[in-house]
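Since the structure comes first, as C-alpha cells, the remarks are kept for the end.
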Amino acid sequence: MKRHLKNIMAVALVVGVSVTTTAFAFGNTKEKNSSQHSTGVVVEPAEIVTEAPSVQPTTVVKTIEEPIVRVLSVAPDAECVTKDDIFHMMLNTVDYFNKASGTFIFNCSDPNNRTIVDFRTNMLDTTSYSEVKHIYVDGLSTPISMNSESVTADQIVYCQNNDQITLNEENKTYNISSFSTHSLESCVPIKDEDRITIAPDGMPCYSYRSNPTNVEFSSMCLFPQEITIGFLEDRELWEIEGIKEFSGLNCYVIHGKTSEDYGAKLNVAEFEFLVDVNTGVLVRYEGFDANGNLSDFMYTENLKFDGSAESVEKYSDKLVEGYSVG
C-alpha cells in the first residue's frame, strides 16, 4: 500500500499536478515607521521538477503592501456648532485630514520679521516638505505679501523614512536627524479637560499632542494647539460671528478679546480668527493692540486638504551635491 502511494505521488509530480496554498498575515507598523500598511504574505509553489520526484517543491514568498484606511473625525454641523466644538476641533485638527498643502505667513509678534512657509504633508506615510523663508521689512505698515518668488529659501526641510533632512540654502550645508519625525501613532489623543492642569505650586500646566504634520512652524496654522488654548480657553472672551468663504474654504468667523496675561505677551488686546469648518485649521488670524492697530497676524494661501492637496516633494542625495554636512 505504501509503495502504491509513493507511485501515485511521483506520477502527480511528473504530470505537473500541484496545489496552491495562500495565507495572509496582518499587522501594523511600529511607531516611527514611515507608513502604515497591511502586509499579505502569498505562498506559491515553485516550478515542478520532473526528473527528481523525491525533491519536494520549494516555495516563493511575496509581500503585498496595502495602506490601512484611516477613519477621520467628522466635523460638527456648521449651522449648530458650539464654542466647545470649535475648541475641540482646533486642538485636534490632525484628526480631520490626512494630507495638506499650502502657504502661510506670520510675523510672530515681531513687526519687522516675517516668516513664509510653503508646505506639503502626508501624515499617512509620515512625509513632509517645508520651505522656509524669512523677510525683514520696515514694520507692519509695509504691504503684507506672500509673493516671495524673488526671495531665496533660508532652509528646506524634508521628512521621510524616519529622518528629518534640513538643507541650509544660505551656507550650503545640510544635516540628517534620524528618528526626528512624528508618526500618527505617536499623536496620542488627550481629552479637552486634561489639556490644562494645575501643578502643586498652583501654576497651570499645558498638555500638547505630538505633531504628525512634521511641517515647520505648523503650530501657527495646521495644528494650532497653543494658540487655541491661549485665545479660546476662556469661552466668555470670544464669540462665533458667523461663517464666510475665504480662499475657497468655508470658515467660522471668531472675534474676541485676550486675557490680560496672554494678551500682554503678544501685545494683542483683540483678535479675529477664520477657522476652517471642516478641519479646525486656523486659516487667518489678526491681532490688534489696545489702540486698534494690527500688531500680530498669520495669513494663508492655497490651503488644500486630502484629494486636493499637492504631493510631497521627496528628498534625494542629488539635492545636496556640493553641500557640506553642517
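Order determines the names: the first chain of the C-alpha cells is A, the second B, and so forth; residues in each chain are numbered 1 upward, and ligands are numbered 1 upward as they are shown.
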
Excluding A:Ser180 and residues on its chain fewer than 3 positions from it, collect all residues at most 7 Å away from it, counting only C-alpha atoms, and give them as a PyMOL selection string.
chain A and resi 162-164+177

Which neighbours of stretch 276-292 of chain A fall inside 7 Å, counting only C-alpha atoms, when residues of the same chain fewer than 4 positions from it are skipped, and could you give them as a PyMOL selection string?
chain A and resi 75+78+86+89-90+93+96-97+221-224+249-252+267-272+296-300

Using backbone DSSP assignments, extract all strand (DSSP E or B) residues from stretch 61-288 of chain A; output them as a PyMOL selection string.
chain A and resi 61-67+99-106+113-122+127-136+155-160+163-168+173-178+196-198+204-206+238-246+249-257+270-276+282-288

Output file for the selection above: C-alpha atoms, as an mmCIF file, in the first residue's frame:
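To be explicit, this is the file written out as selection.cif:
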```
data_model
loop_
_atom_site.group_PDB
_atom_site.id
_atom_site.type_symbol
_atom_site.label_atom_id
_atom_site.label_comp_id
_atom_site.auth_asym_id
_atom_site.auth_seq_id
_atom_site.Cartn_x
_atom_site.Cartn_y
_atom_site.Cartn_z
ATOM 1 C CA VAL A 61 7.212 34.289 -0.581
ATOM 2 C CA LYS A 62 5.933 37.608 -1.901
ATOM 3 C CA THR A 63 4.640 40.533 0.137
ATOM 4 C CA ILE A 64 1.810 42.793 -0.862
ATOM 5 C CA GLU A 65 1.519 46.132 0.916
ATOM 6 C CA GLU A 66 -1.784 47.942 1.143
ATOM 7 C CA PRO A 67 -2.345 51.194 3.065
ATOM 8 C CA LYS A 99 -2.860 65.387 3.656
ATOM 9 C CA ALA A 100 -2.459 69.143 3.314
ATOM 10 C CA SER A 101 -0.543 71.717 1.311
ATOM 11 C CA GLY A 102 -0.351 75.490 1.039
ATOM 12 C CA THR A 103 1.467 78.578 2.247
ATOM 13 C CA PHE A 104 1.279 80.630 5.418
ATOM 14 C CA ILE A 105 2.979 83.826 6.552
ATOM 15 C CA PHE A 106 3.275 85.228 10.053
ATOM 16 C CA ASN A 113 10.329 89.797 10.762
ATOM 17 C CA ARG A 114 8.013 87.835 8.519
ATOM 18 C CA THR A 115 8.266 84.113 8.034
ATOM 19 C CA ILE A 116 6.816 82.415 4.956
ATOM 20 C CA VAL A 117 6.330 78.649 4.886
ATOM 21 C CA ASP A 118 5.427 76.670 1.772
ATOM 22 C CA PHE A 119 4.460 73.177 2.855
ATOM 23 C CA ARG A 120 3.128 69.769 1.909
ATOM 24 C CA THR A 121 2.412 66.943 4.296
ATOM 25 C CA ASN A 122 1.119 63.386 4.146
ATOM 26 C CA THR A 127 6.379 62.540 4.951
ATOM 27 C CA SER A 128 6.510 66.307 4.647
ATOM 28 C CA TYR A 129 8.211 69.174 2.854
ATOM 29 C CA SER A 130 8.706 72.680 4.240
ATOM 30 C CA GLU A 131 10.362 75.610 2.501
ATOM 31 C CA VAL A 132 11.032 78.407 4.990
ATOM 32 C CA LYS A 133 11.796 81.997 4.030
ATOM 33 C CA HIS A 134 12.457 84.975 6.285
ATOM 34 C CA ILE A 135 11.827 88.540 5.112
ATOM 35 C CA TYR A 136 12.847 91.623 7.074
ATOM 36 C CA GLN A 155 16.075 76.372 4.698
ATOM 37 C CA ILE A 156 14.252 73.430 3.195
ATOM 38 C CA VAL A 157 13.168 70.557 5.420
ATOM 39 C CA TYR A 158 12.256 67.061 4.235
ATOM 40 C CA CYS A 159 10.787 64.382 6.489
ATOM 41 C CA GLN A 160 10.768 60.801 5.263
ATOM 42 C CA ASP A 163 14.612 61.118 9.081
ATOM 43 C CA GLN A 164 14.471 64.888 9.049
ATOM 44 C CA ILE A 165 16.801 66.321 6.413
ATOM 45 C CA THR A 166 17.454 70.061 6.699
ATOM 46 C CA LEU A 167 19.114 71.993 3.884
ATOM 47 C CA ASN A 168 20.555 75.402 4.732
ATOM 48 C CA THR A 173 25.099 72.825 4.386
ATOM 49 C CA TYR A 174 22.770 70.026 5.391
ATOM 50 C CA ASN A 175 22.187 67.635 8.248
ATOM 51 C CA ILE A 176 20.186 64.479 8.739
ATOM 52 C CA SER A 177 18.499 63.793 12.060
ATOM 53 C CA SER A 178 17.280 60.226 12.479
ATOM 54 C CA ILE A 196 -4.818 72.313 31.332
ATOM 55 C CA THR A 197 -3.993 71.063 34.820
ATOM 56 C CA ILE A 198 -2.782 72.818 37.926
ATOM 57 C CA PRO A 204 -1.009 75.863 35.150
ATOM 58 C CA CYS A 205 0.444 73.006 33.080
ATOM 59 C CA TYR A 206 -0.448 72.522 29.427
ATOM 60 C CA TRP A 238 -14.976 85.343 22.368
ATOM 61 C CA GLU A 239 -17.961 84.819 20.070
ATOM 62 C CA ILE A 240 -18.776 82.955 16.857
ATOM 63 C CA GLU A 241 -19.921 85.701 14.500
ATOM 64 C CA GLY A 242 -20.884 83.571 11.518
ATOM 65 C CA ILE A 243 -19.455 81.736 8.516
ATOM 66 C CA LYS A 244 -17.797 83.210 5.439
ATOM 67 C CA GLU A 245 -15.808 81.939 2.483
ATOM 68 C CA PHE A 246 -12.106 82.729 2.412
ATOM 69 C CA LEU A 249 -12.776 77.482 2.295
ATOM 70 C CA ASN A 250 -15.847 77.960 4.459
ATOM 71 C CA CYS A 251 -14.649 79.425 7.737
ATOM 72 C CA TYR A 252 -16.038 80.286 11.144
ATOM 73 C CA VAL A 253 -15.548 83.948 11.971
ATOM 74 C CA ILE A 254 -14.437 84.290 15.592
ATOM 75 C CA HIS A 255 -13.906 87.614 17.328
ATOM 76 C CA GLY A 256 -12.800 88.125 20.887
ATOM 77 C CA LYS A 257 -10.593 89.721 23.498
ATOM 78 C CA GLU A 270 -8.490 91.878 20.491
ATOM 79 C CA PHE A 271 -8.329 89.252 17.776
ATOM 80 C CA GLU A 272 -10.168 87.698 14.852
ATOM 81 C CA PHE A 273 -9.867 84.106 13.634
ATOM 82 C CA LEU A 274 -11.043 82.444 10.451
ATOM 83 C CA VAL A 275 -11.274 78.702 11.138
ATOM 84 C CA ASP A 276 -11.952 76.049 8.502
ATOM 85 C CA LEU A 282 -6.569 78.247 11.525
ATOM 86 C CA VAL A 283 -6.889 79.887 8.125
ATOM 87 C CA ARG A 284 -6.365 83.511 9.155
ATOM 88 C CA TYR A 285 -5.504 85.378 12.352
ATOM 89 C CA GLU A 286 -5.247 89.065 13.118
ATOM 90 C CA GLY A 287 -4.371 90.557 16.490
ATOM 91 C CA PHE A 288 -4.859 94.212 17.425
#
```

Report the residues of stretch 91-325 of chain A whose backbone DSSP state falls under alpha helix (DSSP H), written as number ranges by chain.
A: 91, 225-232, 260-266

Atoms to include: N, CA and C atoms. Write the selected residues as a PDB file, in the first residue's frame.
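So the final result, stored in part02.pdb, reads:
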```pdb
ATOM      1  N   LEU A  91      -7.963  72.057  18.655  1.00  0.00           N
ATOM      2  CA  LEU A  91      -6.967  71.318  19.429  1.00  0.00           C
ATOM      3  C   LEU A  91      -6.584  70.001  18.773  1.00  0.00           C
ATOM      4  N   GLN A 225      -2.461  74.175  18.531  1.00  0.00           N
ATOM      5  CA  GLN A 225      -2.871  73.813  19.889  1.00  0.00           C
ATOM      6  C   GLN A 225      -2.632  74.942  20.896  1.00  0.00           C
ATOM      7  N   GLU A 226      -1.419  75.501  20.874  1.00  0.00           N
ATOM      8  CA  GLU A 226      -1.091  76.541  21.855  1.00  0.00           C
ATOM      9  C   GLU A 226      -1.923  77.793  21.638  1.00  0.00           C
ATOM     10  N   ILE A 227      -2.099  78.181  20.364  1.00  0.00           N
ATOM     11  CA  ILE A 227      -2.918  79.350  20.052  1.00  0.00           C
ATOM     12  C   ILE A 227      -4.351  79.137  20.531  1.00  0.00           C
ATOM     13  N   THR A 228      -4.869  77.932  20.328  1.00  0.00           N
ATOM     14  CA  THR A 228      -6.243  77.627  20.728  1.00  0.00           C
ATOM     15  C   THR A 228      -6.427  77.784  22.232  1.00  0.00           C
ATOM     16  N   ILE A 229      -5.517  77.215  22.997  1.00  0.00           N
ATOM     17  CA  ILE A 229      -5.618  77.322  24.451  1.00  0.00           C
ATOM     18  C   ILE A 229      -5.450  78.772  24.883  1.00  0.00           C
ATOM     19  N   GLY A 230      -4.474  79.466  24.291  1.00  0.00           N
ATOM     20  CA  GLY A 230      -4.198  80.840  24.697  1.00  0.00           C
ATOM     21  C   GLY A 230      -5.345  81.794  24.437  1.00  0.00           C
ATOM     22  N   PHE A 231      -5.990  81.655  23.259  1.00  0.00           N
ATOM     23  CA  PHE A 231      -7.046  82.592  22.886  1.00  0.00           C
ATOM     24  C   PHE A 231      -8.453  82.129  23.249  1.00  0.00           C
ATOM     25  N   LEU A 232      -8.703  80.827  23.224  1.00  0.00           N
ATOM     26  CA  LEU A 232     -10.088  80.354  23.312  1.00  0.00           C
ATOM     27  C   LEU A 232     -10.438  79.603  24.591  1.00  0.00           C
ATOM     28  N   GLU A 260      -5.730  89.046  30.099  1.00  0.00           N
ATOM     29  CA  GLU A 260      -4.730  90.078  30.383  1.00  0.00           C
ATOM     30  C   GLU A 260      -3.307  89.555  30.239  1.00  0.00           C
ATOM     31  N   ASP A 261      -3.030  88.385  30.813  1.00  0.00           N
ATOM     32  CA  ASP A 261      -1.668  87.841  30.768  1.00  0.00           C
ATOM     33  C   ASP A 261      -1.262  87.445  29.358  1.00  0.00           C
ATOM     34  N   TYR A 262      -2.129  86.691  28.669  1.00  0.00           N
ATOM     35  CA  TYR A 262      -1.784  86.207  27.339  1.00  0.00           C
ATOM     36  C   TYR A 262      -1.687  87.362  26.356  1.00  0.00           C
ATOM     37  N   GLY A 263      -2.589  88.324  26.455  1.00  0.00           N
ATOM     38  CA  GLY A 263      -2.565  89.474  25.560  1.00  0.00           C
ATOM     39  C   GLY A 263      -1.312  90.308  25.719  1.00  0.00           C
ATOM     40  N   ALA A 264      -0.842  90.422  26.958  1.00  0.00           N
ATOM     41  CA  ALA A 264       0.366  91.212  27.211  1.00  0.00           C
ATOM     42  C   ALA A 264       1.588  90.589  26.540  1.00  0.00           C
ATOM     43  N   LYS A 265       1.647  89.264  26.484  1.00  0.00           N
ATOM     44  CA  LYS A 265       2.789  88.596  25.857  1.00  0.00           C
ATOM     45  C   LYS A 265       2.858  88.888  24.362  1.00  0.00           C
ATOM     46  N   LEU A 266       1.708  89.027  23.727  1.00  0.00           N
ATOM     47  CA  LEU A 266       1.650  89.203  22.278  1.00  0.00           C
ATOM     48  C   LEU A 266       1.400  90.639  21.848  1.00  0.00           C
TER      49      LEU A 266
END
```

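Going from atom CA of A:Leu319 over to atom CA of A:Lys172, you cover 10.7 Å.
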
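Between atom CA of A:Ser186 and atom CA of A:Asp154 the separation is 29.0 Å.
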
For a quick check of understanding, using only C-alpha atoms, which of A:Asn107, A:Ser247, A:Ser324, A:Thr213 has the smallest distance to A:Leu303?
A:Ser247

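Among the candidates A:Asp317, A:Glu301, A:Asp306, A:Glu233, the one nearest to A:His88 when counting only C-alpha atoms is A:Glu233.
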
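Take atom CA of A:Asn98 and atom CA of A:Glu193: the distance between them is 25.2 Å.
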
What's the 8 Å shell around A:Leu184, counting only C-alpha atoms, without same-chain residues fewer than 2 positions away, as a ChimeraX atom specification?
/A:123-124,126,182,186-187,212

My list of candidates is A:Asn302, A:Ser295, A:Ser219, A:Ser73. Which is closest to A:Gly248 when distances are computed with only C-alpha atoms?
A:Asn302
